[in-house]
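Structure data (compact mmCIF, C-alpha atoms) from work20.txt:
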```
# COMPACT_ATOMS: atom_id res chain seq x y z
CA MET T 156 -8.21 -32.14 5.46
CA TRP T 157 -8.09 -29.55 8.23
CA SER T 158 -6.50 -30.95 11.38
CA TRP T 159 -7.58 -29.31 14.62
CA SER T 160 -4.97 -31.10 16.69
CA PHE T 161 -2.26 -29.72 14.40
CA THR T 162 -3.88 -26.29 14.64
CA PHE T 163 -3.71 -26.25 18.43
CA LYS T 164 -0.21 -27.64 18.37
CA VAL T 165 1.17 -24.82 16.21
CA LEU T 166 -0.96 -21.97 17.49
CA PRO T 167 1.28 -21.12 20.49
CA LYS T 168 4.33 -21.02 18.22
CA LEU T 169 2.56 -18.68 15.82
CA LEU T 170 1.37 -16.41 18.58
CA SER T 171 4.85 -16.09 19.98
CA ALA T 172 6.14 -15.17 16.51
CA ALA T 173 3.33 -12.60 16.36
CA LYS T 174 5.22 -10.74 19.09
CA ILE T 175 7.89 -9.85 16.54
CA THR T 176 5.15 -8.69 14.18
CA PHE T 177 3.79 -6.36 16.85
CA ILE T 178 7.21 -5.02 17.82
CA ALA T 179 7.96 -4.26 14.17
CA THR T 180 4.55 -2.62 13.74
CA ILE T 181 4.79 -0.36 16.77
CA LEU T 182 8.41 0.69 16.41
CA GLY T 183 8.04 1.06 12.63
CA PHE T 184 5.00 3.27 13.13
CA LEU T 185 6.72 5.43 15.74
CA LEU T 186 9.64 5.98 13.37
CA ALA T 187 7.23 6.71 10.51
CA SER T 188 5.31 9.24 12.61
CA PHE T 189 8.50 11.04 13.56
CA LEU T 190 10.12 11.03 10.11
CA GLY T 191 6.84 11.96 8.46
CA LEU T 192 6.69 15.12 10.54
CA VAL T 193 10.33 15.88 9.69
CA TRP T 194 9.56 15.56 5.94
CA THR T 195 6.51 17.79 6.24
CA LEU T 196 8.42 20.51 8.07
CA LEU T 197 11.39 20.30 5.68
CA LYS T 198 9.02 20.57 2.72
CA ARG T 199 7.65 23.79 4.21
CA THR T 200 11.00 25.54 4.76
CA LYS T 201 11.62 28.64 2.73
CA ILE T 202 15.05 27.37 1.69
CA HIS T 203 14.22 26.29 -1.82
CA TRP T 204 16.70 23.49 -2.39
CA ILE T 205 15.85 21.80 0.90
CA SER T 206 12.10 21.74 0.25
CA LYS T 207 12.57 20.65 -3.37
CA SER T 208 14.97 17.83 -2.60
CA THR T 209 12.84 16.61 0.32
CA THR T 210 9.82 16.47 -1.99
CA ALA T 211 11.81 14.51 -4.57
CA ILE T 212 13.19 12.01 -2.03
CA VAL T 213 9.78 11.48 -0.42
CA GLU T 214 8.16 10.93 -3.82
CA PHE T 215 10.89 8.47 -4.79
CA ILE T 216 10.46 6.42 -1.62
CA ARG T 217 6.71 6.39 -2.05
CA ARG T 218 6.77 5.22 -5.64
CA THR T 219 9.15 2.29 -5.15
CA PRO T 220 8.35 -1.04 -3.49
CA LEU T 221 9.00 -1.53 0.21
CA LEU T 222 10.41 -4.98 -0.56
CA ILE T 223 13.28 -3.54 -2.65
CA GLN T 224 13.91 -0.86 -0.04
CA LEU T 225 14.26 -3.61 2.56
CA PHE T 226 16.66 -5.57 0.33
CA PHE T 227 18.59 -2.40 -0.37
CA LEU T 228 19.01 -1.56 3.33
CA TYR T 229 19.68 -5.15 4.33
CA TYR T 230 22.31 -5.87 1.70
CA THR T 231 24.04 -2.52 1.24
CA LEU T 232 24.28 -1.12 4.78
CA PRO T 233 27.01 -3.67 5.67
CA ASN T 234 29.05 -2.22 2.77
CA PHE T 235 29.13 1.04 4.70
CA ASN T 236 30.15 -0.85 7.81
CA ILE T 237 26.72 -0.49 9.38
CA ARG T 238 25.80 -3.89 10.74
CA LEU T 239 22.29 -4.08 12.15
CA PRO T 240 20.08 -7.03 13.12
CA ALA T 241 17.51 -7.92 10.46
CA LEU T 242 14.62 -6.78 12.66
CA THR T 243 16.17 -3.33 13.10
CA VAL T 244 16.67 -3.04 9.35
CA GLY T 245 13.03 -4.07 8.89
CA ILE T 246 11.81 -1.45 11.33
CA ILE T 247 13.88 1.24 9.60
CA GLY T 248 12.51 0.13 6.22
CA LEU T 249 8.89 0.12 7.37
CA GLY T 250 9.35 3.45 9.16
CA LEU T 251 11.00 5.10 6.19
CA HIS T 252 8.42 3.83 3.68
CA TYR T 253 5.38 4.81 5.70
CA SER T 254 6.87 8.15 6.78
CA THR T 255 6.21 9.32 3.22
CA TYR T 256 2.50 8.53 3.62
CA LEU T 257 2.31 10.10 7.07
CA SER T 258 4.01 13.20 5.74
CA GLU T 259 0.97 13.74 3.50
CA VAL T 260 -1.32 13.21 6.49
CA TYR T 261 0.49 15.85 8.53
CA ARG T 262 0.41 18.22 5.55
CA ALA T 263 -3.36 17.86 5.35
CA GLY T 264 -3.62 18.52 9.09
CA ILE T 265 -1.39 21.59 9.01
CA GLU T 266 -3.20 23.04 6.01
CA SER T 267 -6.51 22.69 7.84
CA VAL T 268 -5.34 25.09 10.58
CA GLU T 269 -6.76 28.54 9.85
CA LYS T 270 -4.50 31.32 8.66
CA GLU T 271 -5.61 33.48 11.61
CA GLN T 272 -3.89 31.07 14.00
CA TRP T 273 -0.55 31.83 12.37
CA GLU T 274 -1.26 35.54 12.50
CA ALA T 275 -2.28 35.35 16.16
CA ALA T 276 0.94 33.53 17.05
CA LYS T 277 2.92 36.12 15.17
CA SER T 278 1.19 39.02 16.89
CA LEU T 279 1.90 37.40 20.28
CA ASN T 280 5.56 37.43 19.27
CA PHE T 281 5.89 33.65 19.46
CA THR T 282 9.10 32.18 18.12
CA SER T 283 8.67 29.75 15.25
CA TYR T 284 9.30 26.87 17.66
CA GLN T 285 6.56 28.15 20.01
CA THR T 286 4.19 28.69 17.09
CA TRP T 287 4.58 25.08 15.96
CA THR T 288 4.50 23.39 19.36
CA LEU T 289 1.92 25.56 21.12
CA VAL T 290 -0.40 26.67 18.33
CA ILE T 291 -0.20 24.79 15.05
CA LEU T 292 0.56 21.14 15.83
CA PRO T 293 -1.91 20.82 18.75
CA GLN T 294 -4.62 21.82 16.29
CA ALA T 295 -3.25 20.04 13.24
CA ILE T 296 -2.71 16.55 14.69
CA PRO T 297 -6.00 15.52 16.41
CA PRO T 298 -8.17 15.76 13.26
CA VAL T 299 -5.77 13.49 11.34
CA ILE T 300 -5.47 10.80 14.03
CA PRO T 301 -7.96 8.51 12.23
CA MET T 302 -5.93 8.83 9.02
CA MET T 303 -2.81 7.94 10.98
CA GLY T 304 -4.70 4.95 12.37
CA ASN T 305 -5.39 3.77 8.83
CA TYR T 306 -1.70 3.81 8.04
CA LEU T 307 -0.91 1.99 11.29
CA ILE T 308 -3.19 -0.83 10.09
CA THR T 309 -1.65 -0.76 6.61
CA LEU T 310 1.85 -0.91 8.09
CA PHE T 311 0.81 -3.85 10.27
CA LYS T 312 -0.31 -5.75 7.18
CA GLU T 313 3.01 -5.08 5.44
CA THR T 314 5.13 -6.62 8.20
CA PRO T 315 5.15 -10.07 6.49
CA LEU T 316 7.60 -8.54 3.99
CA LEU T 317 10.22 -8.65 6.74
CA ALA T 318 10.28 -12.42 6.18
CA ALA T 319 12.18 -11.67 2.97
CA ILE T 320 15.12 -10.32 4.97
CA SER T 321 15.07 -13.31 7.33
CA VAL T 322 13.09 -11.81 10.21
CA VAL T 323 11.10 -14.63 11.80
CA GLU T 324 7.79 -12.87 12.17
CA LEU T 325 4.36 -14.45 11.89
CA LEU T 326 4.44 -15.44 8.21
CA GLN T 327 8.03 -16.69 8.25
CA GLU T 328 7.30 -18.82 11.33
CA ALA T 329 4.27 -20.24 9.51
CA LYS T 330 6.43 -21.05 6.51
CA ILE T 331 9.02 -22.77 8.68
CA ILE T 332 6.37 -24.86 10.45
CA GLY T 333 4.65 -25.58 7.15
CA SER T 334 7.79 -26.90 5.49
CA GLU T 335 8.67 -28.92 8.59
CA TYR T 336 5.38 -30.85 8.59
CA PHE T 337 4.47 -30.21 4.98
CA GLN T 338 1.12 -28.93 6.17
CA TYR T 339 0.54 -25.44 4.85
CA LEU T 340 -3.25 -25.26 5.02
CA GLU T 341 -3.59 -24.69 8.76
CA VAL T 342 -0.59 -22.41 9.30
CA PHE T 343 -1.16 -20.03 6.41
CA THR T 344 -4.88 -19.88 7.15
CA LEU T 345 -4.15 -19.13 10.81
CA VAL T 346 -1.80 -16.31 9.81
CA GLY T 347 -4.58 -14.81 7.72
CA VAL T 348 -7.04 -15.19 10.58
CA ILE T 349 -4.63 -13.56 13.07
CA PHE T 350 -4.07 -10.60 10.74
CA PHE T 351 -7.80 -10.25 10.23
CA ILE T 352 -8.61 -10.46 13.95
CA PHE T 353 -6.36 -7.50 14.62
CA SER T 354 -6.86 -5.36 11.55
CA TYR T 355 -10.62 -5.57 11.05
CA PRO T 356 -11.72 -4.37 14.52
CA SER T 357 -9.03 -1.68 14.34
CA SER T 358 -10.41 -0.43 11.06
CA LEU T 359 -13.90 -0.30 12.60
CA LEU T 360 -12.41 1.74 15.46
CA VAL T 361 -10.80 4.11 12.96
CA GLN T 362 -14.13 4.55 11.19
CA TYR T 363 -15.72 5.40 14.52
CA LEU T 364 -12.95 7.91 15.31
CA GLU T 365 -13.39 9.47 11.87
CA ILE T 366 -16.99 10.27 12.72
CA LYS T 367 -16.07 11.44 16.20
CA PHE T 368 -13.21 13.69 15.15
CA LYS T 369 -15.18 15.44 12.44
CA SER T 370 -15.05 19.11 13.30
CA PRO T 371 -18.34 20.75 14.33
CA ALA T 372 -18.17 22.76 11.10
CA GLU T 373 -18.00 19.61 9.01
CA LYS T 374 -20.83 18.01 10.95
CA ARG T 375 -23.08 20.91 10.14
CA ILE T 376 -22.65 20.32 6.40
CA MET X 28 38.62 1.82 -15.66
CA GLY X 29 35.70 4.25 -15.76
CA VAL X 30 34.64 2.92 -19.15
CA ILE X 31 34.51 -0.64 -17.86
CA LYS X 32 32.33 0.47 -14.97
CA ILE X 33 29.83 2.22 -17.27
CA ASP X 34 29.82 -0.84 -19.49
CA LYS X 35 29.00 -2.97 -16.51
CA ILE X 36 26.20 -0.70 -15.32
CA LEU X 37 24.68 -0.70 -18.82
CA ASN X 38 24.90 -4.46 -18.91
CA ILE X 39 23.10 -4.75 -15.56
CA LEU X 40 20.53 -2.21 -16.67
CA LEU X 41 19.76 -4.10 -19.89
CA ARG X 42 19.21 -7.34 -18.01
CA LEU X 43 16.96 -5.61 -15.49
CA VAL X 44 14.95 -3.91 -18.22
CA GLU X 45 14.48 -7.33 -19.83
CA ALA X 46 13.20 -8.70 -16.51
CA SER X 47 10.88 -5.75 -16.00
CA LYS X 48 8.80 -7.02 -18.93
CA VAL X 49 7.38 -9.60 -16.52
CA THR X 50 6.67 -6.89 -13.95
CA ILE X 51 4.94 -4.73 -16.56
CA SER X 52 2.80 -7.53 -18.00
CA LEU X 53 1.90 -8.61 -14.48
CA THR X 54 0.95 -5.02 -13.68
CA VAL X 55 -1.21 -4.60 -16.78
CA VAL X 56 -3.05 -7.93 -16.48
CA ALA X 57 -3.56 -7.61 -12.72
CA ALA X 58 -4.65 -3.96 -13.01
CA LEU X 59 -7.24 -4.78 -15.67
CA LEU X 60 -8.61 -7.67 -13.63
CA ALA X 61 -8.54 -5.60 -10.42
CA THR X 62 -10.49 -2.83 -12.15
CA LEU X 63 -13.08 -5.30 -13.38
CA ILE X 64 -13.41 -6.78 -9.88
CA ALA X 65 -13.55 -3.32 -8.33
CA PHE X 66 -16.38 -2.20 -10.61
CA ILE X 67 -18.40 -5.37 -10.17
CA SER X 68 -18.03 -5.46 -6.39
CA GLY X 69 -18.26 -1.68 -6.02
CA ILE X 70 -21.62 -1.69 -7.83
CA LEU X 71 -22.79 -4.78 -5.96
CA LEU X 72 -21.99 -3.05 -2.66
CA LEU X 73 -24.82 -0.68 -3.59
CA ASN X 74 -27.22 -3.47 -4.52
CA ARG X 75 -30.64 -3.33 -2.96
CA HIS X 76 -30.50 -6.96 -1.80
CA LYS X 77 -28.86 -7.26 1.57
CA ILE X 78 -27.61 -10.81 0.92
CA ILE X 79 -25.59 -9.64 -2.05
CA ARG X 80 -24.17 -6.69 -0.11
CA VAL X 81 -23.15 -8.89 2.82
CA PHE X 82 -21.56 -11.42 0.48
CA VAL X 83 -19.49 -8.82 -1.37
CA ARG X 84 -18.68 -6.96 1.84
CA THR X 85 -17.27 -10.19 3.28
CA TYR X 86 -14.96 -10.59 0.28
CA VAL X 87 -13.81 -6.96 0.52
CA GLU X 88 -13.11 -7.09 4.26
CA ILE X 89 -11.28 -10.41 4.11
CA PHE X 90 -8.95 -9.20 1.38
CA ARG X 91 -8.44 -5.79 2.97
CA GLY X 92 -8.05 -7.23 6.44
CA THR X 93 -5.31 -9.74 5.70
CA SER X 94 -2.01 -9.12 4.04
CA LEU X 95 -1.25 -9.35 0.29
CA LEU X 96 1.75 -11.58 0.92
CA VAL X 97 -0.33 -13.89 3.11
CA GLN X 98 -2.97 -14.07 0.36
CA LEU X 99 -0.31 -14.79 -2.24
CA TYR X 100 1.17 -17.59 -0.15
CA TRP X 101 -2.28 -18.98 0.50
CA ILE X 102 -3.16 -19.03 -3.18
CA TYR X 103 0.20 -20.43 -4.22
CA PHE X 104 0.93 -22.91 -1.41
CA VAL X 105 -2.48 -23.88 0.02
CA LEU X 106 -4.76 -24.02 -3.02
CA PRO X 107 -2.76 -26.89 -4.60
CA LEU X 108 -3.46 -28.92 -1.43
CA LEU X 109 -7.15 -28.30 -2.06
CA GLY X 110 -6.74 -29.47 -5.64
CA LEU X 111 -6.21 -26.17 -7.47
CA GLU X 112 -2.69 -25.68 -8.74
CA LEU X 113 -1.97 -22.34 -10.38
CA PRO X 114 1.18 -21.37 -12.28
CA LYS X 115 3.22 -18.63 -10.58
CA PHE X 116 2.16 -15.87 -12.95
CA THR X 117 -1.53 -16.74 -12.62
CA ALA X 118 -1.26 -17.02 -8.83
CA GLY X 119 0.37 -13.57 -8.77
CA VAL X 120 -2.31 -12.05 -11.00
CA VAL X 121 -5.14 -13.58 -8.97
CA ALA X 122 -3.75 -12.50 -5.58
CA ILE X 123 -2.90 -8.98 -6.68
CA ALA X 124 -6.19 -8.48 -8.53
CA LEU X 125 -8.31 -9.76 -5.64
CA ASN X 126 -6.39 -7.63 -3.15
CA TYR X 127 -6.39 -4.34 -5.05
CA GLY X 128 -9.85 -5.05 -6.42
CA ALA X 129 -11.09 -5.12 -2.83
CA TYR X 130 -9.43 -1.81 -1.99
CA SER X 131 -10.63 -0.17 -5.21
CA SER X 132 -14.20 -1.38 -4.82
CA GLU X 133 -14.58 1.17 -2.01
CA ILE X 134 -13.44 3.91 -4.39
CA VAL X 135 -15.94 2.75 -7.02
CA ARG X 136 -18.72 2.54 -4.46
CA SER X 137 -18.14 6.04 -3.10
CA GLY X 138 -17.75 7.36 -6.66
CA PHE X 139 -21.25 6.17 -7.57
CA LEU X 140 -22.60 7.35 -4.22
CA SER X 141 -21.36 10.85 -5.01
CA VAL X 142 -23.65 11.12 -8.04
CA PRO X 143 -26.84 12.86 -6.86
CA LYS X 144 -29.92 10.64 -6.68
CA GLU X 145 -31.79 13.02 -8.99
CA GLN X 146 -29.55 11.94 -11.87
CA THR X 147 -30.87 8.39 -11.60
CA GLU X 148 -34.40 9.65 -11.34
CA ALA X 149 -33.97 11.90 -14.39
CA ALA X 150 -32.55 9.01 -16.42
CA LYS X 151 -35.48 6.85 -15.37
CA ALA X 152 -37.93 9.60 -16.29
CA LEU X 153 -36.35 9.73 -19.75
CA ASN X 154 -36.96 6.00 -20.07
CA PHE X 155 -33.27 5.06 -20.22
CA THR X 156 -32.56 1.34 -19.85
CA PRO X 157 -30.38 0.52 -16.80
CA LEU X 158 -27.45 0.04 -19.18
CA GLN X 159 -27.99 3.41 -20.83
CA ARG X 160 -28.40 5.01 -17.43
CA MET X 161 -25.03 3.63 -16.40
CA ARG X 162 -23.29 4.41 -19.70
CA TYR X 163 -24.53 7.95 -20.33
CA VAL X 164 -25.49 9.34 -16.93
CA LEU X 165 -23.92 7.69 -13.89
CA PHE X 166 -20.54 6.45 -15.14
CA PRO X 167 -19.32 9.72 -16.74
CA GLN X 168 -20.02 11.59 -13.51
CA ALA X 169 -18.74 8.94 -11.10
CA ILE X 170 -15.49 8.27 -12.95
CA ARG X 171 -14.32 11.84 -12.29
CA ILE X 172 -14.53 11.22 -8.56
CA MET X 173 -12.92 7.78 -8.83
CA LEU X 174 -9.89 8.48 -11.01
CA PRO X 175 -7.60 10.14 -8.42
CA GLY X 176 -8.19 7.27 -5.99
CA LEU X 177 -7.78 4.62 -8.67
CA GLY X 178 -4.55 6.33 -9.78
CA ASN X 179 -3.15 5.99 -6.27
CA GLN X 180 -4.19 2.36 -6.20
CA ILE X 181 -2.32 1.61 -9.44
CA ILE X 182 0.92 2.87 -7.83
CA GLU X 183 0.26 0.59 -4.86
CA LEU X 184 -0.44 -2.28 -7.24
CA ILE X 185 2.82 -1.78 -9.15
CA LYS X 186 4.73 -1.85 -5.87
CA GLY X 187 2.72 -4.90 -4.81
CA THR X 188 3.86 -6.86 -7.87
CA ALA X 189 7.34 -7.06 -6.32
CA LEU X 190 5.96 -9.61 -3.85
CA VAL X 191 5.59 -12.26 -6.58
CA SER X 192 9.38 -12.62 -6.48
CA LEU X 193 8.86 -14.31 -3.10
CA ILE X 194 7.00 -17.22 -4.75
CA GLY X 195 9.79 -17.42 -7.32
CA LEU X 196 8.25 -15.66 -10.31
CA GLU X 197 11.12 -14.16 -12.31
CA ASP X 198 10.13 -10.52 -12.27
CA LEU X 199 12.32 -7.43 -11.90
CA THR X 200 12.86 -7.97 -8.17
CA TYR X 201 13.63 -11.67 -8.49
CA SER X 202 16.17 -11.13 -11.28
CA GLY X 203 17.85 -8.42 -9.24
CA VAL X 204 18.17 -10.67 -6.21
CA ILE X 205 19.62 -13.48 -8.36
CA MET X 206 22.04 -11.08 -10.08
CA ARG X 207 23.17 -9.87 -6.69
CA THR X 208 24.07 -13.33 -5.45
CA ASN X 209 26.27 -13.80 -8.53
CA ASP X 210 27.85 -10.39 -8.17
CA ILE X 211 27.86 -9.30 -4.55
CA ALA X 212 30.19 -6.39 -5.28
CA ASP X 213 27.51 -4.79 -7.47
CA THR X 214 24.75 -4.99 -4.84
CA PHE X 215 24.49 -1.23 -4.51
CA ILE X 216 24.24 -0.53 -8.25
CA ILE X 217 21.78 -3.37 -8.85
CA PHE X 218 19.33 -2.22 -6.19
CA ILE X 219 19.59 1.46 -7.13
CA LEU X 220 18.81 0.54 -10.74
CA ILE X 221 15.85 -1.63 -9.67
CA LEU X 222 14.47 1.24 -7.58
CA LEU X 223 14.87 3.63 -10.52
CA ILE X 224 13.08 1.27 -12.90
CA TYR X 225 10.15 0.86 -10.47
CA TYR X 226 10.08 4.63 -10.05
CA ALA X 227 9.97 5.06 -13.84
CA ILE X 228 7.15 2.52 -14.21
CA SER X 229 5.10 4.09 -11.40
CA THR X 230 5.64 7.56 -12.79
CA ILE X 231 4.54 6.53 -16.28
CA PHE X 232 1.32 5.00 -14.93
CA ALA X 233 0.73 8.00 -12.63
CA SER X 234 1.11 10.40 -15.57
CA GLY X 235 -1.24 8.26 -17.63
CA PHE X 236 -3.84 8.61 -14.92
CA ARG X 237 -3.30 12.37 -14.76
CA LEU X 238 -3.97 12.58 -18.51
CA LEU X 239 -7.13 10.52 -18.07
CA GLU X 240 -8.23 12.84 -15.28
CA LYS X 241 -7.76 15.81 -17.60
CA ARG X 242 -9.75 14.07 -20.32
CA VAL X 243 -12.77 13.28 -18.17
CA ASN X 244 -12.74 16.81 -16.78
CA VAL X 245 -12.75 18.52 -20.18
CA GLY X 246 -15.31 21.33 -20.23
CA ARG X 247 -15.69 21.34 -16.44
CA ALA X 248 -14.44 23.83 -13.94
```
Can the structure in the file be given as structure tokens, please?
Amino acid sequence: MWSWSFTFKVLPKLLSAAKITFIATILGFLLASFLGLVWTLLKRTKIHWISKSTTAIVEFIRRTPLLIQLFFLYYTLPNFNIRLPALTVGIIGLGLHYSTYLSEVYRAGIESVEKEQWEAAKSLNFTSYQTWTLVILPQAIPPVIPMMGNYLITLFKETPLLAAISVVELLQEAKIIGSEYFQYLEVFTLVGVIFFIFSYPSSLLVQYLEIKFKSPAEKRI
Amino acid sequence: MGVIKIDKILNILLRLVEASKVTISLTVVAALLATLIAFISGILLLNRHKIIRVFVRTYVEIFRGTSLLVQLYWIYFVLPLLGLELPKFTAGVVAIALNYGAYSSEIVRSGFLSVPKEQTEAAKALNFTPLQRMRYVLFPQAIRIMLPGLGNQIIELIKGTALVSLIGLEDLTYSGVIMRTNDIADTFIIFILILLIYYAISTIFASGFRLLEKRVNVGRA
């Protein structure tokens, strides 16, 4: 049933398609990390309507499927005369969707910074920009790096959805090869194995970081 | 002119609501099965026999470490080659339930772990059968810890059901995509309505879970 010669024949093709998967993962995650921070900061502004509407938008994005968001971007952006390659649309979709999760991660990190740190910054006459960049964020981000790592892995596993908007990433390439030879067993299994090879060790690394990044106070408990 | 437009939107909405019946039944069936799987494997992850733990752990890591869409394709396209042909709806239910069951089993496991050991000992001292111990002592305490996590998982599951459209099951997403190809001019309206319907479904389930959380916390601080 399982043909090793076929496996070795298609493996290079799959690995080269995996490049697109990795590009989408990394760029999507960078966008998500940036937008997530923007959402968190907007949610914290004292201007009521801005914080309320940001919360509503973020919640809406988080409670609707990524697949539809991808379709929406892919099919409606051209109506507004924005023509982007499918991969770019995919990266924007992934970034936007996961920014809502990362926003929660940043919030948790910021809330874990002690109140005294804000007061200290204020008493040193720091501007709000200085307070954020020099005092708050350097303390808020490191403890949540493992949580961010978890979402990086999750985002990686969602990249096959880009196949639906015609991006030839790992799964789409497998489907193309499979329909060409009508041999789906090897290709789809290999895709699963490739995903597993990258995501499982990464999740072990995240678990290790979680233990390592635990604050001394937490360790004592 | 305006009246015609509203008429059209209502017409689209009615057809989408009709199609969302498939999404909702898929959600309910898959969620029930996922919960069952999560409880069985979550409890087995705490089993005293190492063989059982390793076996269940392997299932959990394989389904968490690969992608839902890859699993769905595998079940729908590869299993028939191995002699097991599943209808689309069943394939969707099985893939979604196995995937979210694996994620939720961790929630179940840590929920039971959070119940102090003394509770088990006390139940044993009172001569409770294992079933009584579970029903009256462990479960009521563990479920309070699990519900918030399980509530988040149900939102993820609802969003995950959209993927079945990619194997051609006529759910909300699939119908929307078909409607769009017949009526390209309405792309924007169709996708906005789909997003709103998914948002409504997710919000209803999320509120249901919040009510449940209140119920299990009655009489507790």
Chain X near chain T within 6 Å: what's each residue's closest atom pair and its distance in Å to one decimal, counting all atoms listed in the file, ordered by chain then ascending residue number, as a Markdown table?
```
| residue | atom | partner | partner_atom | distance |
| --- | --- | --- | --- | --- |
| X:Gly92 | CA | T:Phe351 | CA | 4.9 |
| X:Thr93 | CA | T:Phe351 | CA | 5.2 |
| X:Ser94 | CA | T:Lys312 | CA | 4.9 |
| X:Val105 | CA | T:Leu340 | CA | 5.2 |
| X:Lys186 | CA | T:Pro220 | CA | 4.4 |
| X:Phe215 | CA | T:Thr231 | CA | 5.9 |
| X:Phe218 | CA | T:Phe227 | CA | 5.9 |
| X:Leu222 | CA | T:Thr219 | CA | 5.9 |
| X:Tyr225 | CA | T:Thr219 | CA | 5.6 |
| X:Tyr226 | CA | T:Thr219 | CA | 5.5 |
```
Let me have the centre and edge lengths of the axis-aligned box enclosing all listed atoms of range 49-60 of chain X with 6 Å padding on every side, in Å to one decimal, as AutoDock Vina command-line options.
```
--center_x -0.6 --center_y -6.8 --center_z -15.4 --size_x 28.0 --size_y 17.6 --size_z 17.3
```
**Message:** So the first atom is CA of Thr255 in chain T and the second is CA of Val49 in chain X; what is the distance between them in Å, to one decimal place?
**Reply:** 27.4 Å
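CA of Tyr336 in chain T to CA of Lys164 in chain T spans 11.7 Å [interatomic distance, one decimal].
Between CA of Gly119 in chain X and CA of Phe66 in chain X the interatomic distance comes to 20.3 Å.
Proximity of X:Glu88, X:Glu197, X:Glu112, X:Asp210 to Ala129 in chain X, computed with all atoms listed in the file, is greatest for X:Glu88.
For Arg136 in chain X, the non-local neighbours within 9 Å, defined as residues at least 3 positions apart in the same chain or in other chains and counting all atoms listed in the file, are Ala65, Phe66, Ser68, Gly69, Ile70, Leu71, Leu72, Leu73, Ser131, Ser132, Glu133, Phe139, Leu140, Ser141 and Met173 of chain X.
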**Item:** Val191 in chain X environment, 10 Å, only C-alpha atoms, sequence neighbours closer than 2 positions dropped, as a ChimeraX atom specification
**Value:** /X:50,53,96,99-100,115-116,118-120,122-123,187-189,193-201
Shell around Pro167 in chain X at 10 Å using all atoms listed in the file, local window under 6 positions removed, as a compact mmCIF listing (two decimals) with C-alpha atoms, keeping the file's coordinate frame:
```txt
# COMPACT_ATOMS: atom_id res chain seq x y z
CA VAL X 142 -23.65 11.12 -8.04
CA MET X 161 -25.03 3.63 -16.40
CA VAL X 243 -12.77 13.28 -18.17
CA ASN X 244 -12.74 16.81 -16.78
```
Once you count all atoms listed in the file, which residues end up no further than 9 Å from (-5.8, 10.9, 10.3) in the file's frame, shown as a PDB file with C-alpha atoms, in the coordinates of the input?
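File point_37.pdb, as written:
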```pdb
ATOM      1  CA  LEU T 257       2.310  10.100   7.070  1.00  0.00           C
ATOM      2  CA  VAL T 260      -1.320  13.210   6.490  1.00  0.00           C
ATOM      3  CA  TYR T 261       0.490  15.850   8.530  1.00  0.00           C
ATOM      4  CA  ALA T 263      -3.360  17.860   5.350  1.00  0.00           C
ATOM      5  CA  GLY T 264      -3.620  18.520   9.090  1.00  0.00           C
ATOM      6  CA  ILE T 296      -2.710  16.550  14.690  1.00  0.00           C
ATOM      7  CA  PRO T 297      -6.000  15.520  16.410  1.00  0.00           C
ATOM      8  CA  PRO T 298      -8.170  15.760  13.260  1.00  0.00           C
ATOM      9  CA  VAL T 299      -5.770  13.490  11.340  1.00  0.00           C
ATOM     10  CA  ILE T 300      -5.470  10.800  14.030  1.00  0.00           C
ATOM     11  CA  PRO T 301      -7.960   8.510  12.230  1.00  0.00           C
ATOM     12  CA  MET T 302      -5.930   8.830   9.020  1.00  0.00           C
ATOM     13  CA  MET T 303      -2.810   7.940  10.980  1.00  0.00           C
ATOM     14  CA  GLY T 304      -4.700   4.950  12.370  1.00  0.00           C
ATOM     15  CA  ASN T 305      -5.390   3.770   8.830  1.00  0.00           C
ATOM     16  CA  TYR T 306      -1.700   3.810   8.040  1.00  0.00           C
ATOM     17  CA  VAL T 361     -10.800   4.110  12.960  1.00  0.00           C
ATOM     18  CA  GLU T 365     -13.390   9.470  11.870  1.00  0.00           C
TER      19      GLU T 365
END
```
